[in-house]
Amino acid sequence: MRKVVKFGGSSLASAGQFKKVGDIIRSDEERKFVVPSAPGKRFDKDTKVTDMLYGCYALAEADQNFGAELQAIKARYQEIIDGLGLSLSLEKEFDVIEKMFRDKAGSNYAASRGEYLNGIIMAEYLGYEFIDAAQVIFFDENGNFDADRTNEVMSARLADCKAAVIPGFYGAMPDGTVKTFSRGGSDITGSIVAKAVKADVYENWTDVSGVLVTDPHIIDNPEAIDVITYRELRELAYMGFPVLHEDAIFPVRQQGIPINIRNTNAPEDSGTWIVGSTCQKSRFVITGIAGKKGFCAVNIEKDKMNSEIGFGRKVLQAFEDNGISFEHMPSGIDTLTVFVHQDEFMHKEQKVVAALHRLAEPDSIEIESDLALVAVVGRGMKSTRGTAGRIFSALAHNNINVKMIDQGSSELNIIIGVTNDDFENAIRAIYDIFVIAQL
Ligand code: ASP
């Protein structure tokens, strides 16, 4: 068995956290490839090292003094080195960083140093080889991740390597300059390494015991999900589930490598398994509930709309011409509603309305704002009767008016539109019925 283990920022925020990580790695000799994030927050109001680096570099770029800010970053790493009792010195590394900041090496380079330095410490602490991600992860001229070249170079580089630390979050452009993924991108690095070494599992260690059934800001201590499929996770992630970076799924999914989300602070918990497909039933009828606020519904009415060929195309053309993507489009006989993101739509509203009049010649157009979408996701819904019935009776009992219903054709999800004000209550009502009452 080969395991690739990625540790998030909160798992590496201090020497104490590093020790927990060391214990986890040493407790299983299959954990040979380690991908660290930069040190995260040690406490609630703390600042992540990545953010300190962005801030420090912004000063350098504006030709202001950044000495104190760089010193504060140095102190974060020194605290970890001292706490682990290592004799490592990052002095030379910081000299290079300071010079690169003065030479305006770019904010990507700046941010990437968080993972780079943490990787050096981790490699020293574990006695593993350090491999700079800029040598094995590549982007093309347009800045897109170059999966083929990366896989080729990285698999060759790691083939004879017994144990290595590869820092997360960044790689190199064709000219060798450093480029980062978007925020949270160390998850992607872990997935890329797992693919390159053909790992049996990609363990992603964080500070929660797996993917939670719903948002802990809405439900206190929600249950964790035992097993979830990639498709279910995609549905939930799209609706704002903050688990993994969404691009982290693709490299491992292609190879059928499962992801195991684990908790560094509770390593005995088995966490959540993210898999391609499974015969395991989820503990509850539903797997998860997610959602987002801030949608608008554009209701378009026209007599005999249903028999007018091309009406839908003309309506969508008006949105497309204005660069607006739509989320859902439920329709009736003489009405059609287009759900869009309010913040995207707001500024272009009148242009879209004018285009709709011009292209589709509707009888009337009405806009409703401040709506939310709730997604109830679960592979089990397909084979369980009455799921939708239970959802809607729970919502009705809680006096929640349902504005829209959309069941995906795969029967993997049911999307419900409610007002922003009803959003949290809707999630609570659905959680109560399926997870608490287990109906
Ligand atoms: N350190 C980077 C961030 O804060 C990347 C990561 O942690 O995955 O976004």
# chains A, B, ... in the order shown; residues from 1 in each chain; ligands from 1

$ residues_near_ligand --ligand "ligand 1" --cutoff "9 Å" --atoms "only C-alpha atoms and all ligand atoms" --output "PyMOL selection string"
chain A and resi 7-10+36-40+48-51+111-112+114-115+168-170+180-189+245

$ write_last_selection --atoms "N, CA, C and O atoms" --output "tab-separated table (two decimals), in the first residue's frame"
chain	number	residue	atom	x	y	z
A	7	PHE	N	-1.40	17.57	4.63
A	7	PHE	CA	-1.82	18.19	5.88
A	7	PHE	C	-2.14	19.66	5.65
A	7	PHE	O	-1.34	20.40	5.06
A	8	GLY	N	-3.29	20.09	6.10
A	8	GLY	CA	-3.74	21.47	5.93
A	8	GLY	C	-3.03	22.41	6.91
A	8	GLY	O	-2.32	21.97	7.83
A	9	GLY	N	-3.26	23.70	6.73
A	9	GLY	CA	-2.57	24.72	7.51
A	9	GLY	C	-2.80	24.62	9.01
A	9	GLY	O	-1.87	24.82	9.80
A	10	SER	N	-4.02	24.28	9.43
A	10	SER	CA	-4.27	24.23	10.88
A	10	SER	C	-3.54	23.02	11.50
A	10	SER	O	-3.22	23.02	12.68
A	36	PRO	N	2.67	19.23	2.58
A	36	PRO	CA	2.24	20.18	3.61
A	36	PRO	C	1.69	21.48	3.04
A	36	PRO	O	2.12	21.94	1.98
A	37	SER	N	0.75	22.09	3.76
A	37	SER	CA	0.32	23.47	3.51
A	37	SER	C	1.27	24.38	4.26
A	37	SER	O	2.16	23.92	4.99
A	38	ALA	N	1.04	25.68	4.17
A	38	ALA	CA	1.78	26.65	4.99
A	38	ALA	C	1.15	26.68	6.38
A	38	ALA	O	-0.01	26.27	6.53
A	39	PRO	N	1.87	27.14	7.40
A	39	PRO	CA	1.25	27.21	8.73
A	39	PRO	C	-0.02	28.07	8.72
A	39	PRO	O	-0.02	29.18	8.20
A	40	GLY	N	-1.08	27.52	9.26
A	40	GLY	CA	-2.37	28.24	9.30
A	40	GLY	C	-2.54	28.96	10.62
A	40	GLY	O	-1.56	29.32	11.28
A	48	LYS	N	-2.96	33.50	8.91
A	48	LYS	CA	-2.26	32.42	8.20
A	48	LYS	C	-0.97	32.97	7.61
A	48	LYS	O	-0.96	34.12	7.13
A	49	VAL	N	0.07	32.16	7.56
A	49	VAL	CA	1.33	32.61	6.99
A	49	VAL	C	1.15	33.04	5.53
A	49	VAL	O	1.74	34.02	5.07
A	50	THR	N	0.29	32.34	4.79
A	50	THR	CA	0.05	32.74	3.39
A	50	THR	C	-0.44	34.19	3.32
A	50	THR	O	0.01	34.97	2.48
A	51	ASP	N	-1.35	34.55	4.22
A	51	ASP	CA	-1.85	35.94	4.21
A	51	ASP	C	-0.77	36.92	4.65
A	51	ASP	O	-0.70	38.04	4.15
A	111	ALA	N	3.57	34.07	-2.10
A	111	ALA	CA	2.64	33.19	-1.37
A	111	ALA	C	3.18	31.76	-1.30
A	111	ALA	O	3.01	31.08	-0.28
A	112	SER	N	3.86	31.34	-2.35
A	112	SER	CA	4.33	29.95	-2.40
A	112	SER	C	5.39	29.64	-1.33
A	112	SER	O	5.60	28.48	-0.97
A	114	GLY	N	5.30	30.05	1.71
A	114	GLY	CA	4.68	29.50	2.92
A	114	GLY	C	4.80	27.98	2.94
A	114	GLY	O	5.25	27.36	3.91
A	115	GLU	N	4.43	27.35	1.84
A	115	GLU	CA	4.50	25.89	1.71
A	115	GLU	C	5.95	25.44	1.57
A	115	GLU	O	6.36	24.43	2.14
A	168	GLY	N	2.86	21.89	-0.97
A	168	GLY	CA	1.63	22.08	-1.73
A	168	GLY	C	1.55	23.44	-2.38
A	168	GLY	O	2.45	24.29	-2.23
A	169	PHE	N	0.49	23.67	-3.16
A	169	PHE	CA	0.04	24.99	-3.58
A	169	PHE	C	0.71	25.59	-4.82
A	169	PHE	O	0.18	26.49	-5.41
A	170	TYR	N	1.91	25.14	-5.23
A	170	TYR	CA	2.54	25.84	-6.35
A	170	TYR	C	3.28	24.90	-7.29
A	170	TYR	O	3.49	23.73	-7.00
A	180	THR	N	1.16	29.81	-8.32
A	180	THR	CA	0.36	29.04	-7.35
A	180	THR	C	-0.98	28.63	-7.98
A	180	THR	O	-1.42	29.23	-8.95
A	181	PHE	N	-1.59	27.63	-7.38
A	181	PHE	CA	-2.99	27.34	-7.69
A	181	PHE	C	-3.82	28.40	-6.96
A	181	PHE	O	-3.27	29.23	-6.23
A	182	SER	N	-5.15	28.34	-7.08
A	182	SER	CA	-5.94	29.29	-6.29
A	182	SER	C	-5.90	28.88	-4.82
A	182	SER	O	-5.39	27.79	-4.49
A	183	ARG	N	-6.43	29.71	-3.95
A	183	ARG	CA	-6.34	29.46	-2.50
A	183	ARG	C	-6.84	28.06	-2.15
A	183	ARG	O	-7.79	27.56	-2.75
A	184	GLY	N	-6.20	27.46	-1.18
A	184	GLY	CA	-6.57	26.10	-0.79
A	184	GLY	C	-5.98	25.05	-1.73
A	184	GLY	O	-6.30	23.86	-1.65
A	185	GLY	N	-5.06	25.49	-2.60
A	185	GLY	CA	-4.57	24.62	-3.68
A	185	GLY	C	-3.66	23.48	-3.26
A	185	GLY	O	-3.33	22.63	-4.09
A	186	SER	N	-3.24	23.42	-2.00
A	186	SER	CA	-2.42	22.27	-1.59
A	186	SER	C	-3.19	20.97	-1.73
A	186	SER	O	-2.60	19.90	-1.92
A	187	ASP	N	-4.51	21.06	-1.63
A	187	ASP	CA	-5.35	19.87	-1.86
A	187	ASP	C	-5.10	19.30	-3.25
A	187	ASP	O	-5.12	18.09	-3.45
A	188	ILE	N	-4.90	20.21	-4.22
A	188	ILE	CA	-4.68	19.77	-5.60
A	188	ILE	C	-3.32	19.08	-5.69
A	188	ILE	O	-3.19	18.02	-6.31
A	189	THR	N	-2.31	19.68	-5.06
A	189	THR	CA	-0.98	19.06	-5.09
A	189	THR	C	-1.05	17.64	-4.55
A	189	THR	O	-0.49	16.71	-5.14
A	245	HIS	N	-10.55	21.60	-2.14
A	245	HIS	CA	-10.52	22.46	-3.32
A	245	HIS	C	-11.20	21.67	-4.45
A	245	HIS	O	-10.91	20.49	-4.63

$ closest_atom_pairs --of "segment 211-233 of chain A" --to "segment 412-431 of chain A" --cutoff "8 Å" --atoms "only C-alpha atoms" --output "CSV"
residue,atom,partner,partner_atom,distance
A:Thr214,CA,A:Tyr431,CA,7.8
A:Ile218,CA,A:Glu424,CA,6.3
A:Ile219,CA,A:Arg428,CA,6.8
A:Glu232,CA,A:Leu412,CA,7.2

$ write_last_selection --atoms "N, CA, C and O atoms" --output "CSV table (one decimal), in the first residue's frame"
chain,number,residue,atom,x,y,z
A,214,THR,N,-23.9,18.7,7.0
A,214,THR,CA,-24.2,20.1,6.6
A,214,THR,C,-23.3,21.1,7.3
A,214,THR,O,-22.4,20.7,8.1
A,218,ILE,N,-24.7,26.3,10.8
A,218,ILE,CA,-26.1,26.3,10.9
A,218,ILE,C,-26.6,25.2,11.9
A,218,ILE,O,-27.5,25.4,12.6
A,219,ILE,N,-25.9,24.1,11.8
A,219,ILE,CA,-26.3,23.0,12.8
A,219,ILE,C,-25.1,22.7,13.7
A,219,ILE,O,-24.0,22.6,13.2
A,232,GLU,N,-21.4,13.0,-5.7
A,232,GLU,CA,-22.2,13.7,-4.6
A,232,GLU,C,-21.4,14.8,-4.1
A,232,GLU,O,-21.9,15.9,-3.8

$ select_by_dssp --residues "segment 314-412 of chain A" --states "strand (DSSP E or B)" --output "PyMOL selection string"
chain A and resi 326-328+331+335-341+364-377+404-407

$ write_last_selection --atoms "N, CA, C and O atoms" --output "CSV table (one decimal), in the first residue's frame"
chain,number,residue,atom,x,y,z
A,326,PHE,N,-26.7,30.9,-16.0
A,326,PHE,CA,-27.9,30.7,-15.2
A,326,PHE,C,-27.7,29.4,-14.4
A,326,PHE,O,-27.0,28.5,-14.8
A,327,GLU,N,-28.5,29.3,-13.3
A,327,GLU,CA,-28.4,28.1,-12.4
A,327,GLU,C,-29.4,27.1,-12.7
A,327,GLU,O,-29.2,25.9,-12.7
A,328,HIS,N,-30.7,27.6,-12.8
A,328,HIS,CA,-31.8,26.7,-13.0
A,328,HIS,C,-32.8,27.4,-13.9
A,328,HIS,O,-32.9,28.6,-13.9
A,331,SER,N,-39.9,25.5,-15.8
A,331,SER,CA,-40.8,26.2,-16.7
A,331,SER,C,-42.2,25.6,-16.5
A,331,SER,O,-42.4,24.5,-16.1
A,335,THR,N,-45.1,30.1,-18.7
A,335,THR,CA,-44.1,30.9,-17.9
A,335,THR,C,-42.8,30.1,-17.9
A,335,THR,O,-42.7,28.9,-18.0
A,336,LEU,N,-41.7,30.8,-17.7
A,336,LEU,CA,-40.4,30.2,-17.6
A,336,LEU,C,-39.6,31.1,-16.7
A,336,LEU,O,-39.7,32.3,-16.7
A,337,THR,N,-38.9,30.5,-15.8
A,337,THR,CA,-38.1,31.2,-14.8
A,337,THR,C,-36.6,30.9,-14.9
A,337,THR,O,-36.3,29.7,-15.1
A,338,VAL,N,-35.8,31.9,-14.9
A,338,VAL,CA,-34.4,31.7,-14.9
A,338,VAL,C,-33.8,32.2,-13.6
A,338,VAL,O,-34.0,33.3,-13.2
A,339,PHE,N,-33.1,31.3,-12.9
A,339,PHE,CA,-32.4,31.6,-11.7
A,339,PHE,C,-30.9,32.0,-12.0
A,339,PHE,O,-30.2,31.3,-12.7
A,340,VAL,N,-30.6,33.2,-11.5
A,340,VAL,CA,-29.2,33.7,-11.7
A,340,VAL,C,-28.6,34.2,-10.4
A,340,VAL,O,-29.4,34.4,-9.4
A,341,HIS,N,-27.3,34.3,-10.3
A,341,HIS,CA,-26.7,34.9,-9.2
A,341,HIS,C,-27.0,36.4,-9.1
A,341,HIS,O,-26.7,37.1,-10.1
A,364,SER,N,-44.8,39.6,-20.1
A,364,SER,CA,-44.3,40.4,-18.9
A,364,SER,C,-43.1,39.7,-18.4
A,364,SER,O,-42.8,38.5,-18.6
A,365,ILE,N,-42.4,40.5,-17.6
A,365,ILE,CA,-41.2,40.0,-17.0
A,365,ILE,C,-41.2,40.5,-15.5
A,365,ILE,O,-41.4,41.7,-15.3
A,366,GLU,N,-41.0,39.6,-14.6
A,366,GLU,CA,-40.9,40.0,-13.2
A,366,GLU,C,-39.7,39.5,-12.5
A,366,GLU,O,-39.3,38.4,-12.8
A,367,ILE,N,-39.1,40.3,-11.7
A,367,ILE,CA,-37.8,39.9,-11.1
A,367,ILE,C,-38.0,39.7,-9.6
A,367,ILE,O,-38.5,40.7,-8.9
A,368,GLU,N,-37.6,38.6,-9.0
A,368,GLU,CA,-37.7,38.4,-7.6
A,368,GLU,C,-36.3,38.2,-7.1
A,368,GLU,O,-35.5,37.4,-7.6
A,369,SER,N,-36.0,39.0,-6.0
A,369,SER,CA,-34.6,38.9,-5.5
A,369,SER,C,-34.5,38.2,-4.1
A,369,SER,O,-35.5,37.9,-3.6
A,370,ASP,N,-33.3,38.1,-3.6
A,370,ASP,CA,-33.0,37.6,-2.3
A,370,ASP,C,-33.6,36.2,-2.1
A,370,ASP,O,-34.3,35.9,-1.1
A,371,LEU,N,-33.2,35.4,-3.0
A,371,LEU,CA,-33.6,33.9,-2.9
A,371,LEU,C,-32.4,33.1,-2.6
A,371,LEU,O,-31.3,33.5,-2.9
A,372,ALA,N,-32.7,31.9,-2.0
A,372,ALA,CA,-31.6,31.0,-1.7
A,372,ALA,C,-31.9,29.6,-2.4
A,372,ALA,O,-33.1,29.3,-2.6
A,373,LEU,N,-30.9,28.9,-2.6
A,373,LEU,CA,-31.1,27.5,-3.1
A,373,LEU,C,-30.5,26.5,-2.1
A,373,LEU,O,-29.4,26.7,-1.6
A,374,VAL,N,-31.3,25.5,-1.8
A,374,VAL,CA,-30.8,24.4,-0.9
A,374,VAL,C,-30.7,23.2,-1.7
A,374,VAL,O,-31.7,22.8,-2.4
A,375,ALA,N,-29.6,22.5,-1.7
A,375,ALA,CA,-29.4,21.2,-2.4
A,375,ALA,C,-29.4,20.1,-1.4
A,375,ALA,O,-28.6,20.0,-0.5
A,376,VAL,N,-30.3,19.1,-1.6
A,376,VAL,CA,-30.3,17.9,-0.8
A,376,VAL,C,-29.7,16.8,-1.7
A,376,VAL,O,-30.3,16.6,-2.8
A,377,VAL,N,-28.6,16.3,-1.3
A,377,VAL,CA,-27.9,15.4,-2.2
A,377,VAL,C,-27.8,14.0,-1.5
A,377,VAL,O,-27.6,13.8,-0.3
A,404,MET,N,-39.2,27.1,-5.6
A,404,MET,CA,-38.9,26.4,-6.8
A,404,MET,C,-38.4,25.0,-6.4
A,404,MET,O,-37.9,24.8,-5.3
A,405,ILE,N,-38.7,24.0,-7.3
A,405,ILE,CA,-38.2,22.6,-7.0
A,405,ILE,C,-37.5,22.2,-8.3
A,405,ILE,O,-38.1,22.4,-9.4
A,406,ASP,N,-36.4,21.5,-8.2
A,406,ASP,CA,-35.7,21.0,-9.4
A,406,ASP,C,-35.0,19.7,-8.9
A,406,ASP,O,-34.1,19.7,-8.1
A,407,GLN,N,-35.5,18.6,-9.5
A,407,GLN,CA,-34.8,17.3,-9.2
A,407,GLN,C,-33.9,17.0,-10.4
A,407,GLN,O,-34.4,16.9,-11.5

$ closest_atom_pairs --of "segment 171-197 of chain A" --to "segment 1-5 of chain A" --cutoff "9 Å" --atoms "only C-alpha atoms" --output "tab-separated table"
residue	atom	partner	partner_atom	distance
A:Gly190	CA	A:Val4	CA	6.9
A:Ser191	CA	A:Val4	CA	8.3
A:Val193	CA	A:Val4	CA	7.1
A:Ala194	CA	A:Val4	CA	5.6
A:Val197	CA	A:Arg2	CA	7.9

$ select_by_dssp --residues "segment 64-306 of chain A" --states "alpha helix (DSSP H)" --output "PDB file with C-alpha atoms, in the first residue's frame"
ATOM      1  CA  GLY A  67      11.346  44.342   7.164  1.00  0.00           C
ATOM      2  CA  ALA A  68       9.064  44.011  10.197  1.00  0.00           C
ATOM      3  CA  GLU A  69       6.505  41.946   8.286  1.00  0.00           C
ATOM      4  CA  LEU A  70       9.166  39.565   6.980  1.00  0.00           C
ATOM      5  CA  GLN A  71      10.586  39.292  10.474  1.00  0.00           C
ATOM      6  CA  ALA A  72       7.161  38.275  11.812  1.00  0.00           C
ATOM      7  CA  ILE A  73       6.981  35.488   9.207  1.00  0.00           C
ATOM      8  CA  LYS A  74      10.463  34.335  10.119  1.00  0.00           C
ATOM      9  CA  ALA A  75       9.406  34.227  13.754  1.00  0.00           C
ATOM     10  CA  ARG A  76       6.474  31.917  12.924  1.00  0.00           C
ATOM     11  CA  TYR A  77       8.855  29.377  11.378  1.00  0.00           C
ATOM     12  CA  GLN A  78      11.515  29.789  14.058  1.00  0.00           C
ATOM     13  CA  GLU A  79       8.905  29.029  16.722  1.00  0.00           C
ATOM     14  CA  ILE A  80       8.153  25.736  14.966  1.00  0.00           C
ATOM     15  CA  ILE A  81      11.836  24.854  14.477  1.00  0.00           C
ATOM     16  CA  ASP A  82      12.618  25.572  18.138  1.00  0.00           C
ATOM     17  CA  GLY A  83       9.527  23.739  19.376  1.00  0.00           C
ATOM     18  CA  GLU A  91      18.540  32.193   7.412  1.00  0.00           C
ATOM     19  CA  LYS A  92      19.805  31.696   3.851  1.00  0.00           C
ATOM     20  CA  GLU A  93      16.307  30.970   2.559  1.00  0.00           C
ATOM     21  CA  PHE A  94      15.060  34.230   4.043  1.00  0.00           C
ATOM     22  CA  ASP A  95      17.955  36.146   2.461  1.00  0.00           C
ATOM     23  CA  VAL A  96      16.875  34.840  -0.932  1.00  0.00           C
ATOM     24  CA  ILE A  97      13.233  35.635  -0.218  1.00  0.00           C
ATOM     25  CA  GLU A  98      14.088  39.178   0.832  1.00  0.00           C
ATOM     26  CA  LYS A  99      16.067  39.744  -2.345  1.00  0.00           C
ATOM     27  CA  MET A 100      13.314  38.241  -4.517  1.00  0.00           C
ATOM     28  CA  PHE A 101      10.763  40.536  -2.822  1.00  0.00           C
ATOM     29  CA  ARG A 102      12.980  43.555  -3.546  1.00  0.00           C
ATOM     30  CA  SER A 107       2.764  37.675  -5.414  1.00  0.00           C
ATOM     31  CA  ASN A 108       2.609  34.039  -6.604  1.00  0.00           C
ATOM     32  CA  TYR A 109       6.232  33.550  -5.679  1.00  0.00           C
ATOM     33  CA  ALA A 110       5.643  35.312  -2.367  1.00  0.00           C
ATOM     34  CA  ALA A 111       2.643  33.190  -1.373  1.00  0.00           C
ATOM     35  CA  SER A 112       4.332  29.945  -2.400  1.00  0.00           C
ATOM     36  CA  ARG A 113       7.120  30.450   0.158  1.00  0.00           C
ATOM     37  CA  GLY A 114       4.683  29.495   2.917  1.00  0.00           C
ATOM     38  CA  GLU A 115       4.496  25.893   1.710  1.00  0.00           C
ATOM     39  CA  TYR A 116       8.107  25.837   0.511  1.00  0.00           C
ATOM     40  CA  LEU A 117       9.551  26.692   3.926  1.00  0.00           C
ATOM     41  CA  ASN A 118       7.128  24.442   5.769  1.00  0.00           C
ATOM     42  CA  GLY A 119       8.167  21.636   3.425  1.00  0.00           C
ATOM     43  CA  ILE A 120      11.825  22.130   4.308  1.00  0.00           C
ATOM     44  CA  ILE A 121      11.035  21.934   8.014  1.00  0.00           C
ATOM     45  CA  MET A 122       8.804  18.894   7.558  1.00  0.00           C
ATOM     46  CA  ALA A 123      11.439  17.026   5.522  1.00  0.00           C
ATOM     47  CA  GLU A 124      14.058  17.735   8.184  1.00  0.00           C
ATOM     48  CA  TYR A 125      11.709  16.687  10.984  1.00  0.00           C
ATOM     49  CA  LEU A 126      10.758  13.392   9.313  1.00  0.00           C
ATOM     50  CA  ALA A 147      -1.390  17.579 -16.164  1.00  0.00           C
ATOM     51  CA  ASP A 148       0.487  15.459 -18.715  1.00  0.00           C
ATOM     52  CA  ARG A 149       3.903  17.034 -18.309  1.00  0.00           C
ATOM     53  CA  THR A 150       3.511  17.091 -14.531  1.00  0.00           C
ATOM     54  CA  ASN A 151       2.549  13.447 -14.341  1.00  0.00           C
ATOM     55  CA  GLU A 152       5.402  12.401 -16.570  1.00  0.00           C
ATOM     56  CA  VAL A 153       8.091  14.337 -14.698  1.00  0.00           C
ATOM     57  CA  MET A 154       6.720  13.707 -11.228  1.00  0.00           C
ATOM     58  CA  SER A 155       6.233   9.949 -11.630  1.00  0.00           C
ATOM     59  CA  ALA A 156       9.799   9.630 -12.954  1.00  0.00           C
ATOM     60  CA  ARG A 157      11.172  11.762 -10.105  1.00  0.00           C
ATOM     61  CA  LEU A 158       9.293   9.860  -7.403  1.00  0.00           C
ATOM     62  CA  ALA A 159       9.836   6.382  -8.869  1.00  0.00           C
ATOM     63  CA  SER A 186      -2.417  22.275  -1.590  1.00  0.00           C
ATOM     64  CA  ASP A 187      -5.351  19.872  -1.855  1.00  0.00           C
ATOM     65  CA  ILE A 188      -4.682  19.774  -5.603  1.00  0.00           C
ATOM     66  CA  THR A 189      -0.978  19.062  -5.088  1.00  0.00           C
ATOM     67  CA  GLY A 190      -1.848  16.109  -2.852  1.00  0.00           C
ATOM     68  CA  SER A 191      -4.121  14.713  -5.514  1.00  0.00           C
ATOM     69  CA  ILE A 192      -1.486  15.176  -8.249  1.00  0.00           C
ATOM     70  CA  VAL A 193       1.142  13.377  -6.142  1.00  0.00           C
ATOM     71  CA  ALA A 194      -1.308  10.544  -5.396  1.00  0.00           C
ATOM     72  CA  LYS A 195      -1.864  10.083  -9.123  1.00  0.00           C
ATOM     73  CA  ALA A 196       1.860  10.219  -9.923  1.00  0.00           C
ATOM     74  CA  TYR A 230     -17.155  11.992  -6.098  1.00  0.00           C
ATOM     75  CA  ARG A 231     -20.377  12.957  -7.866  1.00  0.00           C
ATOM     76  CA  GLU A 232     -22.179  13.653  -4.616  1.00  0.00           C
ATOM     77  CA  LEU A 233     -19.244  15.691  -3.388  1.00  0.00           C
ATOM     78  CA  ARG A 234     -19.211  17.724  -6.616  1.00  0.00           C
ATOM     79  CA  GLU A 235     -22.877  18.569  -6.108  1.00  0.00           C
ATOM     80  CA  LEU A 236     -22.295  19.618  -2.517  1.00  0.00           C
ATOM     81  CA  ALA A 237     -19.050  21.471  -3.250  1.00  0.00           C
ATOM     82  CA  TYR A 238     -20.742  23.447  -5.994  1.00  0.00           C
ATOM     83  CA  ILE A 249     -10.977  15.648  -7.203  1.00  0.00           C
ATOM     84  CA  PHE A 250      -9.978  15.279 -10.850  1.00  0.00           C
ATOM     85  CA  PRO A 251      -6.452  13.738 -10.743  1.00  0.00           C
ATOM     86  CA  VAL A 252      -7.407  10.986  -8.280  1.00  0.00           C
ATOM     87  CA  ARG A 253     -10.867  10.400  -9.671  1.00  0.00           C
ATOM     88  CA  GLN A 254      -9.417   9.491 -13.076  1.00  0.00           C
ATOM     89  CA  GLN A 255      -7.278   6.842 -11.393  1.00  0.00           C
TER      90      GLN A 255
END

$ residues_around --residues "segment 342-354 of chain A" --least-positions-apart "2" --cutoff "8 Å" --atoms "only C-alpha atoms" --output "ChimeraX atom specification"
/A:294-296,318-319,322,324,340,356-358,365,369-370

$ write_last_selection --atoms "N, CA and C atoms" --output "PDB file, in the first residue's frame"
ATOM      1  N   GLY A 294     -28.519  34.412  -2.177  1.00  0.00           N
ATOM      2  CA  GLY A 294     -28.160  35.443  -3.145  1.00  0.00           C
ATOM      3  C   GLY A 294     -28.491  35.120  -4.587  1.00  0.00           C
ATOM      4  N   PHE A 295     -29.697  34.635  -4.825  1.00  0.00           N
ATOM      5  CA  PHE A 295     -30.112  34.390  -6.207  1.00  0.00           C
ATOM      6  C   PHE A 295     -31.300  35.287  -6.571  1.00  0.00           C
ATOM      7  N   CYS A 296     -31.466  35.497  -7.864  1.00  0.00           N
ATOM      8  CA  CYS A 296     -32.633  36.213  -8.389  1.00  0.00           C
ATOM      9  C   CYS A 296     -33.386  35.263  -9.294  1.00  0.00           C
ATOM     10  N   ALA A 318     -30.424  36.126 -24.308  1.00  0.00           N
ATOM     11  CA  ALA A 318     -30.374  37.435 -23.640  1.00  0.00           C
ATOM     12  C   ALA A 318     -29.408  37.394 -22.454  1.00  0.00           C
ATOM     13  N   PHE A 319     -29.368  36.255 -21.767  1.00  0.00           N
ATOM     14  CA  PHE A 319     -28.437  36.124 -20.627  1.00  0.00           C
ATOM     15  C   PHE A 319     -27.010  35.931 -21.134  1.00  0.00           C
ATOM     16  N   ASN A 322     -25.137  38.912 -22.311  1.00  0.00           N
ATOM     17  CA  ASN A 322     -24.676  39.800 -21.238  1.00  0.00           C
ATOM     18  C   ASN A 322     -23.689  39.109 -20.291  1.00  0.00           C
ATOM     19  N   ILE A 324     -23.972  36.332 -18.523  1.00  0.00           N
ATOM     20  CA  ILE A 324     -24.522  35.851 -17.246  1.00  0.00           C
ATOM     21  C   ILE A 324     -24.850  34.366 -17.345  1.00  0.00           C
ATOM     22  N   VAL A 340     -30.581  33.183 -11.483  1.00  0.00           N
ATOM     23  CA  VAL A 340     -29.225  33.693 -11.707  1.00  0.00           C
ATOM     24  C   VAL A 340     -28.637  34.194 -10.382  1.00  0.00           C
ATOM     25  N   LEU A 356     -34.278  40.682 -23.408  1.00  0.00           N
ATOM     26  CA  LEU A 356     -35.372  39.691 -23.379  1.00  0.00           C
ATOM     27  C   LEU A 356     -36.566  40.202 -24.183  1.00  0.00           C
ATOM     28  N   HIS A 357     -36.887  41.479 -24.004  1.00  0.00           N
ATOM     29  CA  HIS A 357     -38.016  42.061 -24.748  1.00  0.00           C
ATOM     30  C   HIS A 357     -37.740  42.007 -26.245  1.00  0.00           C
ATOM     31  N   ARG A 358     -36.525  42.345 -26.603  1.00  0.00           N
ATOM     32  CA  ARG A 358     -36.168  42.404 -28.013  1.00  0.00           C
ATOM     33  C   ARG A 358     -36.163  41.003 -28.644  1.00  0.00           C
ATOM     34  N   ILE A 365     -42.363  40.532 -17.635  1.00  0.00           N
ATOM     35  CA  ILE A 365     -41.160  40.023 -16.960  1.00  0.00           C
ATOM     36  C   ILE A 365     -41.198  40.517 -15.525  1.00  0.00           C
ATOM     37  N   SER A 369     -35.983  38.966  -6.001  1.00  0.00           N
ATOM     38  CA  SER A 369     -34.590  38.894  -5.523  1.00  0.00           C
ATOM     39  C   SER A 369     -34.510  38.247  -4.141  1.00  0.00           C
ATOM     40  N   ASP A 370     -33.288  38.140  -3.611  1.00  0.00           N
ATOM     41  CA  ASP A 370     -33.019  37.611  -2.270  1.00  0.00           C
ATOM     42  C   ASP A 370     -33.558  36.196  -2.076  1.00  0.00           C
TER      43      ASP A 370
END

$ residues_around --residues "Ile24 of chain A" --least-positions-apart "2" --cutoff "12 Å" --atoms "only C-alpha atoms" --output "JSON, numbers by chain"
{"A": [5, 6, 7, 11, 17, 18, 19, 20, 21, 22, 26, 27, 28, 29, 30, 31, 32, 34, 126, 203, 205, 262, 263, 264, 265, 266, 267, 268]}

$ closest_residue --among "A:Gly16, A:Gly240, A:Gly332, A:Gly380" --to "Phe434 of chain A" --atoms "only C-alpha atoms"
A:Gly380

$ closest_residue --among "A:Ala105, A:Ala355, A:Cys161, A:Ile289" --to "Val211 of chain A" --atoms "only C-alpha atoms"
A:Ile289

$ closest_residue --among "A:Ile261, A:Ile274, A:Leu439, A:Ala396" --to "Asp207 of chain A" --atoms "only C-alpha atoms"
A:Ile261
